[in-house]
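S.K.: Coordinates in query_1.cif, mmCIF, C-alpha atoms, are listed below.
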```
data_upload
#
loop_
_atom_site.label_atom_id
_atom_site.label_comp_id
_atom_site.auth_asym_id
_atom_site.auth_seq_id
_atom_site.Cartn_x
_atom_site.Cartn_y
_atom_site.Cartn_z
CA MET A 1 9.36 -2.96 1.88
CA PRO A 2 12.22 -3.87 -0.47
CA GLY A 3 12.58 -1.70 -3.54
CA ILE A 4 10.64 1.35 -2.35
CA HIS A 5 11.32 4.12 0.09
CA GLY A 6 9.99 7.47 1.19
CA PRO A 7 12.56 10.23 0.63
CA SER A 8 13.30 12.56 3.50
CA ASP A 9 13.20 15.72 1.39
CA TYR A 10 11.73 17.12 -1.84
CA ALA A 11 14.85 16.91 -3.99
CA ARG A 12 13.48 14.14 -6.25
CA GLU A 13 9.93 15.26 -6.95
CA PRO A 14 8.35 14.24 -10.28
CA PRO A 15 7.65 16.80 -13.03
CA ARG A 16 4.23 18.47 -13.09
CA HIS A 17 2.24 20.37 -15.72
CA PRO A 18 3.12 24.08 -15.63
CA SER A 19 -0.51 25.24 -15.79
CA LEU A 20 -1.50 23.64 -12.48
CA LYS A 21 -2.55 25.97 -9.69
CA ILE A 22 -0.13 25.21 -6.85
CA ASN A 23 -1.76 25.43 -3.42
CA ALA A 24 1.26 24.13 -1.49
CA LYS A 25 4.78 23.33 -2.70
CA GLU A 26 6.11 21.09 0.07
CA PRO A 27 4.25 18.78 0.24
CA PHE A 28 3.00 19.37 -3.28
CA ASN A 29 -0.73 20.05 -3.60
CA ALA A 30 -2.13 21.39 -6.84
CA GLU A 31 -5.25 21.45 -8.99
CA PRO A 32 -5.98 22.27 -12.63
CA LEU A 33 -7.62 25.42 -13.90
CA ARG A 34 -11.40 25.17 -14.08
CA LEU A 35 -11.59 25.12 -17.88
CA ASP A 36 -8.85 22.48 -18.13
CA LEU A 37 -10.82 20.21 -15.80
CA VAL A 38 -13.88 19.87 -18.04
CA THR A 39 -12.19 19.51 -21.43
CA SER A 40 -12.96 15.78 -21.39
CA TYR A 41 -14.98 13.21 -19.48
CA VAL A 42 -11.82 11.32 -18.52
CA THR A 43 -9.39 13.68 -16.80
CA PRO A 44 -5.89 13.62 -18.31
CA VAL A 45 -3.31 12.52 -15.74
CA ASP A 46 -1.50 15.87 -15.99
CA PHE A 47 -4.69 17.69 -14.98
CA PHE A 48 -5.73 15.31 -12.20
CA TYR A 49 -5.36 17.04 -8.85
CA LYS A 50 -2.26 16.23 -6.79
CA ARG A 51 -2.81 15.64 -3.06
CA ASN A 52 0.24 14.80 -0.97
CA HIS A 53 1.30 14.76 2.68
CA GLY A 54 5.05 14.37 2.19
CA PRO A 55 7.78 13.77 -0.41
CA ILE A 56 6.76 11.42 -3.22
CA PRO A 57 7.96 7.84 -2.59
CA ILE A 58 10.42 6.31 -5.02
CA VAL A 59 10.36 2.74 -6.37
CA GLU A 60 13.84 1.53 -7.20
CA ASP A 61 13.18 -2.11 -8.04
CA ILE A 62 9.70 -3.05 -9.22
CA GLU A 63 10.63 -6.74 -9.22
CA ARG A 64 11.19 -6.64 -5.46
CA TYR A 65 8.19 -4.46 -4.65
CA SER A 66 5.60 -6.26 -2.55
CA VAL A 67 2.59 -5.72 -0.28
CA THR A 68 2.20 -7.61 2.98
CA VAL A 69 -1.25 -8.91 3.92
CA GLY A 70 -1.84 -9.77 7.58
CA GLY A 71 -3.78 -9.08 10.72
CA LEU A 72 -6.83 -11.06 11.82
CA ILE A 73 -6.54 -13.76 9.18
CA GLU A 74 -5.26 -17.34 9.38
CA HIS A 75 -2.67 -17.09 6.64
CA SER A 76 -0.76 -13.84 6.24
CA GLY A 77 1.68 -13.41 3.39
CA GLU A 78 3.44 -11.27 0.84
CA LEU A 79 2.00 -10.16 -2.48
CA PHE A 80 4.31 -9.21 -5.34
CA MET A 81 3.28 -7.28 -8.43
CA ARG A 82 3.60 -10.45 -10.49
CA ASP A 83 0.99 -12.06 -8.21
CA ILE A 84 -1.40 -9.12 -8.61
CA LEU A 85 -0.95 -9.10 -12.39
CA LYS A 86 -2.06 -12.74 -12.55
CA LEU A 87 -5.47 -11.82 -11.14
CA PRO A 88 -8.33 -10.74 -13.45
CA LYS A 89 -7.88 -7.12 -14.46
CA TYR A 90 -10.79 -4.72 -14.16
CA ASN A 91 -11.16 -1.20 -15.50
CA VAL A 92 -13.33 1.02 -13.31
CA THR A 93 -14.17 4.59 -14.29
CA ALA A 94 -14.37 6.47 -11.02
CA THR A 95 -14.22 10.05 -9.78
CA LEU A 96 -11.94 10.83 -6.87
CA GLN A 97 -12.53 14.02 -4.92
CA CYS A 98 -10.61 15.49 -2.02
CA ALA A 99 -12.85 16.08 1.00
CA GLY A 100 -11.48 19.63 1.03
CA ASN A 101 -12.63 20.46 -2.51
CA ARG A 102 -14.06 24.02 -2.61
CA ARG A 103 -12.54 24.81 0.77
CA THR A 104 -11.67 28.39 -0.22
CA ALA A 105 -15.35 29.29 -0.41
CA MET A 106 -15.80 27.95 3.10
CA SER A 107 -12.78 29.87 4.40
CA ASN A 108 -14.30 33.07 3.02
CA VAL A 109 -17.07 32.65 5.60
CA LYS A 110 -14.75 31.97 8.53
CA LYS A 111 -11.18 30.73 8.82
CA VAL A 112 -10.64 26.99 8.43
CA ARG A 113 -7.56 24.77 8.47
CA GLY A 114 -6.36 22.97 5.37
CA VAL A 115 -5.09 23.32 1.82
CA GLY A 116 -6.88 26.16 0.02
CA TRP A 117 -8.58 24.23 -2.76
CA ASP A 118 -10.74 25.95 -5.36
CA ALA A 119 -13.31 23.76 -7.16
CA CYS A 120 -10.90 21.42 -8.95
CA ALA A 121 -9.62 19.01 -6.29
CA ILE A 122 -11.48 16.35 -8.24
CA GLY A 123 -10.92 14.22 -11.30
CA ASN A 124 -12.36 11.30 -13.22
CA ALA A 125 -10.12 8.48 -14.41
CA VAL A 126 -10.20 4.93 -15.73
CA TRP A 127 -8.45 2.89 -13.07
CA GLY A 128 -7.06 -0.52 -14.00
CA GLY A 129 -6.16 -3.24 -11.53
CA ALA A 130 -7.25 -6.22 -9.46
CA LYS A 131 -10.36 -6.19 -7.32
CA LEU A 132 -9.57 -6.20 -3.62
CA SER A 133 -12.17 -8.95 -3.17
CA ASP A 134 -10.07 -11.21 -5.43
CA VAL A 135 -6.89 -10.35 -3.54
CA LEU A 136 -8.45 -11.11 -0.16
CA GLU A 137 -9.72 -14.42 -1.50
CA LEU A 138 -6.09 -15.46 -2.00
CA PHE A 139 -5.74 -15.19 1.77
CA GLY A 140 -8.82 -17.20 2.65
CA ILE A 141 -11.36 -14.38 2.95
CA SER A 142 -14.44 -15.24 0.92
CA LYS A 143 -16.37 -12.69 -1.09
CA LEU A 144 -19.23 -10.90 0.71
CA THR A 145 -17.66 -11.62 4.10
CA ASN A 146 -18.55 -9.24 6.93
CA THR A 147 -16.30 -10.69 9.65
CA THR A 148 -13.33 -13.05 9.62
CA GLN A 149 -13.20 -15.99 12.01
CA SER A 150 -10.60 -14.04 14.00
CA GLY A 151 -12.90 -11.02 14.37
CA GLY A 152 -11.67 -8.84 11.53
CA LYS A 153 -14.27 -6.30 10.42
CA HIS A 154 -12.19 -3.65 8.66
CA VAL A 155 -9.42 -3.56 6.06
CA GLU A 156 -6.61 -1.12 6.72
CA PHE A 157 -4.35 0.20 3.97
CA VAL A 158 -0.91 1.45 4.95
CA SER A 159 1.27 3.55 2.66
CA ILE A 160 5.01 3.97 2.45
CA ASP A 161 4.24 7.71 2.52
CA LYS A 162 5.60 9.51 5.58
CA CYS A 163 3.41 12.25 7.07
CA LYS A 164 4.06 14.89 9.68
CA GLU A 165 0.48 14.36 10.88
CA GLU A 166 1.44 10.77 11.77
CA ASN A 167 4.63 11.98 13.50
CA GLY A 168 6.66 10.80 10.55
CA GLY A 169 4.80 7.53 10.26
CA PRO A 170 2.91 6.19 7.26
CA TYR A 171 -0.38 7.43 5.87
CA LYS A 172 -3.16 4.90 6.50
CA ALA A 173 -6.93 4.49 6.26
CA SER A 174 -9.50 1.71 6.29
CA VAL A 175 -12.81 0.57 4.84
CA PRO A 176 -15.31 -1.96 6.24
CA LEU A 177 -14.53 -5.58 5.37
CA SER A 178 -18.02 -5.89 3.91
CA GLN A 179 -17.13 -3.25 1.33
CA ALA A 180 -13.69 -4.70 0.60
CA THR A 181 -15.06 -8.20 -0.07
CA ASN A 182 -17.99 -7.06 -2.21
CA PRO A 183 -17.09 -7.34 -5.91
CA GLU A 184 -19.86 -4.86 -6.75
CA ALA A 185 -18.12 -2.17 -4.65
CA ASP A 186 -15.28 -2.21 -7.21
CA VAL A 187 -12.53 -1.49 -4.66
CA LEU A 188 -9.31 -1.87 -6.64
CA LEU A 189 -5.65 -2.39 -6.12
CA ALA A 190 -4.89 -0.22 -9.11
CA TYR A 191 -1.68 -0.20 -11.14
CA GLU A 192 -2.99 1.74 -14.14
CA MET A 193 -4.58 5.14 -14.67
CA ASN A 194 -6.14 5.97 -18.05
CA GLY A 195 -4.48 2.95 -19.64
CA GLU A 196 -0.95 3.77 -18.49
CA PRO A 197 1.04 2.68 -15.43
CA LEU A 198 0.39 4.93 -12.45
CA ASN A 199 2.79 7.84 -12.27
CA ARG A 200 4.56 8.71 -9.05
CA ASP A 201 2.15 11.47 -8.04
CA HIS A 202 -0.77 9.08 -8.24
CA GLY A 203 0.65 6.10 -6.39
CA TYR A 204 3.13 4.18 -8.54
CA PRO A 205 3.36 1.26 -8.54
CA LEU A 206 0.19 0.33 -6.65
CA ARG A 207 -2.61 2.18 -4.91
CA VAL A 208 -6.07 1.57 -3.55
CA VAL A 209 -9.08 3.09 -5.31
CA VAL A 210 -12.29 3.14 -3.26
CA PRO A 211 -15.03 4.44 -5.60
CA GLY A 212 -17.77 6.68 -4.22
CA VAL A 213 -15.76 7.61 -1.12
CA ILE A 214 -13.69 10.69 -0.27
CA GLY A 215 -10.22 10.53 -1.77
CA ALA A 216 -8.54 10.23 1.64
CA ARG A 217 -9.46 6.52 1.76
CA SER A 218 -7.83 5.68 -1.60
CA VAL A 219 -4.34 5.11 -0.21
CA LYS A 220 -1.41 5.54 -2.61
CA TRP A 221 1.98 3.76 -2.66
CA LEU A 222 0.56 0.74 -0.92
CA ASP A 223 2.82 -0.98 1.60
CA SER A 224 0.53 -3.32 3.55
CA ILE A 225 -3.05 -4.49 4.00
CA ASN A 226 -4.20 -5.39 7.51
CA ILE A 227 -7.43 -7.06 8.58
CA ILE A 228 -8.40 -5.35 11.85
CA ALA A 229 -11.27 -5.45 14.36
CA GLU A 230 -11.94 -1.71 14.56
CA GLU A 231 -11.56 1.19 12.17
CA CYS A 232 -8.02 2.32 11.45
CA GLN A 233 -6.77 4.43 14.34
CA GLY A 234 -4.54 6.63 12.18
CA PHE A 235 -4.67 10.42 12.24
CA PHE A 236 -6.60 10.78 8.99
CA MET A 237 -9.35 8.44 10.19
CA GLN A 238 -9.65 9.61 13.80
CA LYS A 239 -8.40 13.22 13.96
CA ASP A 240 -9.29 14.52 10.51
CA TYR A 241 -11.89 14.21 7.73
CA LYS A 242 -14.86 14.20 10.07
CA MET A 243 -17.90 16.44 9.64
CA PHE A 244 -18.70 18.76 12.58
CA PRO A 245 -21.48 21.33 12.94
CA PRO A 246 -20.70 25.07 12.71
CA SER A 247 -20.89 25.38 16.51
CA VAL A 248 -17.74 23.30 17.03
CA ASP A 249 -14.39 25.10 17.17
CA TRP A 250 -10.85 24.09 18.09
CA ASP A 251 -11.51 24.78 21.77
CA ASN A 252 -14.47 22.41 22.16
CA ILE A 253 -13.85 19.77 19.47
CA ASN A 254 -14.21 16.11 20.49
CA TRP A 255 -13.09 13.93 17.59
CA SER A 256 -14.54 10.77 19.10
CA THR A 257 -18.10 12.06 18.70
CA ARG A 258 -18.04 11.76 14.91
CA ARG A 259 -17.49 8.87 12.54
CA PRO A 260 -14.85 9.05 9.81
CA GLN A 261 -16.31 10.48 6.63
CA MET A 262 -16.72 7.93 3.84
CA ASP A 263 -19.25 8.59 1.03
CA PHE A 264 -19.11 12.00 -0.58
CA PRO A 265 -22.34 14.05 -0.69
CA VAL A 266 -23.85 15.30 -3.94
CA GLN A 267 -21.67 17.99 -5.52
CA SER A 268 -21.45 20.23 -8.57
CA ALA A 269 -19.42 23.19 -9.75
CA ILE A 270 -19.36 25.59 -12.68
CA CYS A 271 -16.03 25.38 -14.50
CA SER A 272 -16.53 27.57 -17.58
CA LEU A 273 -16.62 30.74 -15.46
CA GLU A 274 -14.39 32.07 -12.72
CA ASP A 275 -15.79 33.48 -9.48
CA VAL A 276 -16.13 36.85 -11.22
CA THR A 277 -16.24 36.82 -15.02
CA ALA A 278 -16.75 39.66 -17.50
CA VAL A 279 -18.99 38.85 -20.49
CA LYS A 280 -20.71 40.60 -23.34
CA PRO A 281 -24.53 40.80 -23.18
CA GLY A 282 -26.20 37.74 -24.70
CA LYS A 283 -25.72 34.01 -24.65
CA VAL A 284 -23.33 32.47 -22.14
CA ARG A 285 -22.39 28.80 -22.09
CA VAL A 286 -22.29 27.33 -18.59
CA ARG A 287 -20.33 24.08 -18.16
CA GLY A 288 -19.22 22.08 -15.17
CA TYR A 289 -19.26 18.76 -13.35
CA ALA A 290 -21.66 17.00 -10.98
CA THR A 291 -21.12 13.86 -8.92
CA SER A 292 -22.36 12.01 -5.87
CA GLY A 293 -20.91 9.37 -3.56
CA GLY A 294 -21.88 5.78 -2.94
CA GLY A 295 -22.53 5.04 -6.62
CA ARG A 296 -25.54 7.35 -6.75
CA GLY A 297 -26.04 8.86 -10.19
CA ILE A 298 -26.93 12.45 -11.00
CA GLU A 299 -30.64 12.84 -11.64
CA ARG A 300 -30.58 16.53 -12.48
CA VAL A 301 -28.39 19.62 -12.64
CA ASP A 302 -30.19 22.95 -12.27
CA VAL A 303 -28.73 26.30 -13.28
CA SER A 304 -30.05 29.71 -12.28
CA ILE A 305 -29.13 33.08 -13.79
CA ASN A 306 -30.74 35.12 -11.02
CA GLY A 307 -29.10 33.81 -7.87
CA GLY A 308 -31.52 30.90 -7.39
CA LYS A 309 -34.92 32.52 -7.92
CA THR A 310 -35.69 30.50 -11.05
CA TRP A 311 -33.96 27.52 -12.64
CA VAL A 312 -33.36 25.75 -15.94
CA GLU A 313 -32.20 22.17 -16.30
CA ALA A 314 -28.80 21.56 -17.86
CA SER A 315 -27.99 18.64 -20.15
CA ARG A 316 -25.80 15.87 -18.69
CA GLN A 317 -23.19 13.80 -20.46
CA GLN A 318 -20.67 11.10 -19.67
CA LYS A 319 -19.37 9.28 -22.74
CA ALA A 320 -19.69 11.11 -26.05
CA GLY A 321 -22.56 9.85 -28.19
CA VAL A 322 -24.05 7.69 -25.40
CA PRO A 323 -27.22 8.94 -23.69
CA TYR A 324 -26.72 9.36 -19.96
CA ILE A 325 -29.33 7.60 -17.84
CA ALA A 326 -28.74 7.97 -14.11
CA ASP A 327 -28.26 4.53 -12.54
CA GLY A 328 -28.86 3.02 -15.96
CA THR A 329 -26.93 0.59 -18.11
CA ASN A 330 -25.43 3.51 -20.05
CA SER A 331 -23.88 5.19 -17.02
CA ASP A 332 -20.62 4.74 -15.15
CA LYS A 333 -22.04 4.59 -11.64
CA TRP A 334 -18.86 5.77 -9.88
CA ALA A 335 -18.16 8.64 -12.26
CA TRP A 336 -19.10 12.28 -12.55
CA VAL A 337 -21.27 13.77 -15.27
CA LEU A 338 -20.38 16.89 -17.20
CA PHE A 339 -23.22 19.38 -17.64
CA LYS A 340 -23.83 22.29 -19.95
CA VAL A 341 -26.52 24.84 -20.71
CA ILE A 342 -26.65 28.07 -22.71
CA VAL A 343 -28.32 30.95 -20.89
CA ASP A 344 -29.13 34.53 -21.79
CA VAL A 345 -27.40 37.04 -19.52
CA PRO A 346 -28.57 40.62 -20.24
CA HIS A 347 -27.17 42.26 -17.10
CA ASN A 348 -24.94 41.73 -14.08
CA THR A 349 -26.10 38.71 -12.13
CA GLN A 350 -25.15 35.62 -10.18
CA ILE A 351 -25.16 32.25 -11.93
CA VAL A 352 -25.75 29.26 -9.66
CA ALA A 353 -25.54 25.49 -10.13
CA LYS A 354 -26.93 22.72 -7.95
CA ALA A 355 -27.24 19.00 -8.53
CA VAL A 356 -29.73 16.36 -7.39
CA ASP A 357 -28.71 12.70 -7.16
CA THR A 358 -30.81 9.57 -7.65
CA ALA A 359 -31.67 9.44 -3.95
CA ALA A 360 -33.11 12.99 -4.26
CA ASN A 361 -30.24 14.42 -2.22
CA VAL A 362 -29.70 18.05 -3.18
CA GLN A 363 -26.89 20.46 -2.46
CA PRO A 364 -27.49 22.82 0.47
CA GLN A 365 -28.19 26.42 -0.48
CA SER A 366 -25.79 28.13 1.89
CA VAL A 367 -22.17 27.47 2.75
CA GLU A 368 -22.78 29.01 6.18
CA GLU A 369 -25.10 26.18 7.21
CA ILE A 370 -22.46 23.51 6.54
CA TRP A 371 -19.36 25.46 7.61
CA ASN A 372 -16.99 23.35 9.69
CA LEU A 373 -13.60 24.05 11.22
CA ARG A 374 -11.71 21.74 8.82
CA GLY A 375 -13.45 23.13 5.75
CA ILE A 376 -14.49 19.76 4.33
CA LEU A 377 -17.48 18.74 2.23
CA ASN A 378 -18.39 22.16 0.89
CA THR A 379 -21.23 21.01 -1.33
CA SER A 380 -23.27 24.21 -1.17
CA TRP A 381 -24.69 25.74 -4.34
CA HIS A 382 -21.83 26.83 -6.56
CA ARG A 383 -22.07 30.52 -7.40
CA VAL A 384 -20.23 32.78 -9.84
CA GLU A 385 -20.72 36.46 -10.55
CA VAL A 386 -20.95 37.74 -14.12
CA ARG A 387 -20.34 41.35 -15.08
CA VAL A 388 -21.94 42.33 -18.37
CA GLY A 389 -20.72 45.00 -20.74
CA HIS A 390 -16.99 44.41 -20.64
CA SER A 391 -14.74 42.17 -22.70
CA SER A 392 -15.90 38.70 -23.65
CA MET A 393 -14.62 35.48 -22.09
#
```
Write the structure described by the file as structure tokens, please.
M.R.:
Amino acid sequence: MPGIHGPSDYAREPPRHPSLKINAKEPFNAEPLRLDLVTSYVTPVDFFYKRNHGPIPIVEDIERYSVTVGGLIEHSGELFMRDILKLPKYNVTATLQCAGNRRTAMSNVKKVRGVGWDACAIGNAVWGGAKLSDVLELFGISKLTNTTQSGGKHVEFVSIDKCKEENGGPYKASVPLSQATNPEADVLLAYEMNGEPLNRDHGYPLRVVVPGVIGARSVKWLDSINIIAEECQGFFMQKDYKMFPPSVDWDNINWSTRRPQMDFPVQSAICSLEDVTAVKPGKVRVRGYATSGGGRGIERVDVSINGGKTWVEASRQQKAGVPYIADGTNSDKWAWVLFKVIVDVPHNTQIVAKAVDTAANVQPQSVEEIWNLRGILNTSWHRVEVRVGHSSM
């Protein structure tokens, strides 16, 4: 595409906040500290996790930047930023989460492959842009369409990003056409994040945001949109980000037996405490986040101070001063909730958090039962150890 290119090395990387925990330098993958993550409902851009597969693309001429739209449609074409900016702008508050979030806890059970994320490969932002359903309508695809006349059933997003996993080719992923053409699904071609133009780490000048779905489908640095008959055949759809049972290893894996992961399961994590935290005897404030995929709200967050024997319910909050009602008019359906509860901790113990979404899905108790060789979707109860009698937090 004119005006944008993927650099061949890491000499022109953007600046990053010095407090980020760097999990890989080249390509750059980093997450914020736990406490930094839950300082506000909307995650500051600096503290939003960075997930990359290669050097960060560079836009040299925004006026010439464009996205091609083609495939199984009658009228393909080119879409410039000025065309996208003419469409109605929507702001959607949505949480993005890497499928590998909390992978380190899974690797402690048995070795897995992937970036060693703690519990902060997640963030909540206000994304601004055009709805994909409006964009597709420009090319003759009506809203709520399941199949084009030419047999298109999926929408593939292709990035300018170059990945070693694609043998140097572009990162790509797809979503069903029925989701892309549904205005209520809020799939965006986003050019803003928290009211500012996207920065380079997060997809400048244009990215896809697919709410309620693992972050791997929200393609950054968008290059083209293709209407296709089958799911995208790229590496990250067919040879990665699939959920296998614990019995599968690298010797007997058959990728074709599993569908690409889309919606994220219900998830929560404690962010006010590290895995092992020293406290004084008495009251301890427990804070963290909870979220679920597919637009399902959080019905409840339970916290235990005795390893899961008994529980108390934490309070949930999204926007300050506005009561949170799961799936209600006061809630952002694609966004996380922040929870908090004050508990009395008289002695050494394990504090646990688990969330329940509006479909009554609950986090599994044990990481062992959901272990998988790629270390994705660790949504087991989140546990931290507290040691009483030492210095305070």
S.K.: Using the chain letters and numbering of this document, enumerate as a VMD selection string the residues selected by the PyMOL selection byres ((chain A and resi 377) around 9).
M.R.: chain A and resid 98 to 103 243 264 to 265 267 370 to 372 375 to 376 378 to 380
S.K.: Starting from the shown file, work through the PyMOL selection byres ((chain A and resi 50) around 6) and note down what comes out as a ChimeraX atom specification.
M.R.: /A:29-30,49,51
S.K.: From the list A:Gly169, A:Gly140, A:Gly71, A:Gly203, which residue is nearest Val59 in chain A when using all atoms listed in the file?
M.R.: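 Closest candidate: A:Gly203.
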S.K.: Taking the file above as input, evaluate the PyMOL selection byres ((chain A and resi 289-298) around 10) and report the hits as a ChimeraX atom specification.
M.R.: /A:37-38,41,94-97,119-120,122-123,185,210-214,262-271,287-288,299-301,316-317,324-328,331-340,353-362
S.K.: Calculated over all atoms listed in the file, which of the candidates A:Asn182, A:Ser304, A:Asn52, A:Thr39 has the smallest distance to Lys25 in chain A?
M.R.: A:Asn52
S.K.: Expressed in Å to a single decimal, how great is the separation between CA of Thr181 in chain A and CA of Lys143 in chain A?
M.R.: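 Interatomic distance here is 4.8 Å.
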S.K.: Kindly give the distance, in Å, that separates CA of Lys220 in chain A and CA of Thr257 in chain A, rounded to a single decimal.
M.R.: 27.8 Å
S.K.: Enter the distance from CA of Pro7 in chain A to CA of Val67 in chain A, in Å, rounded to one decimal.
M.R.: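 It comes out at 18.8 Å.
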S.K.: With all atoms listed in the file as the atoms that count, which of A:Ile58, A:Val284, A:Ala125, A:Ile141 lies nearest to Val388 in chain A?
M.R.: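 The shortest atom-to-atom distance to Val388 in chain A comes from A:Val284.
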S.K.: Pick out the residues sitting within 12 Å of Val345 in chain A, and hand them over as a PyMOL selection string; count only C-alpha atoms, and ignore anything fewer than 2 positions along from it in its own chain.
M.R.: chain A and resi 278-286+304-306+342-343+347-351+385-389
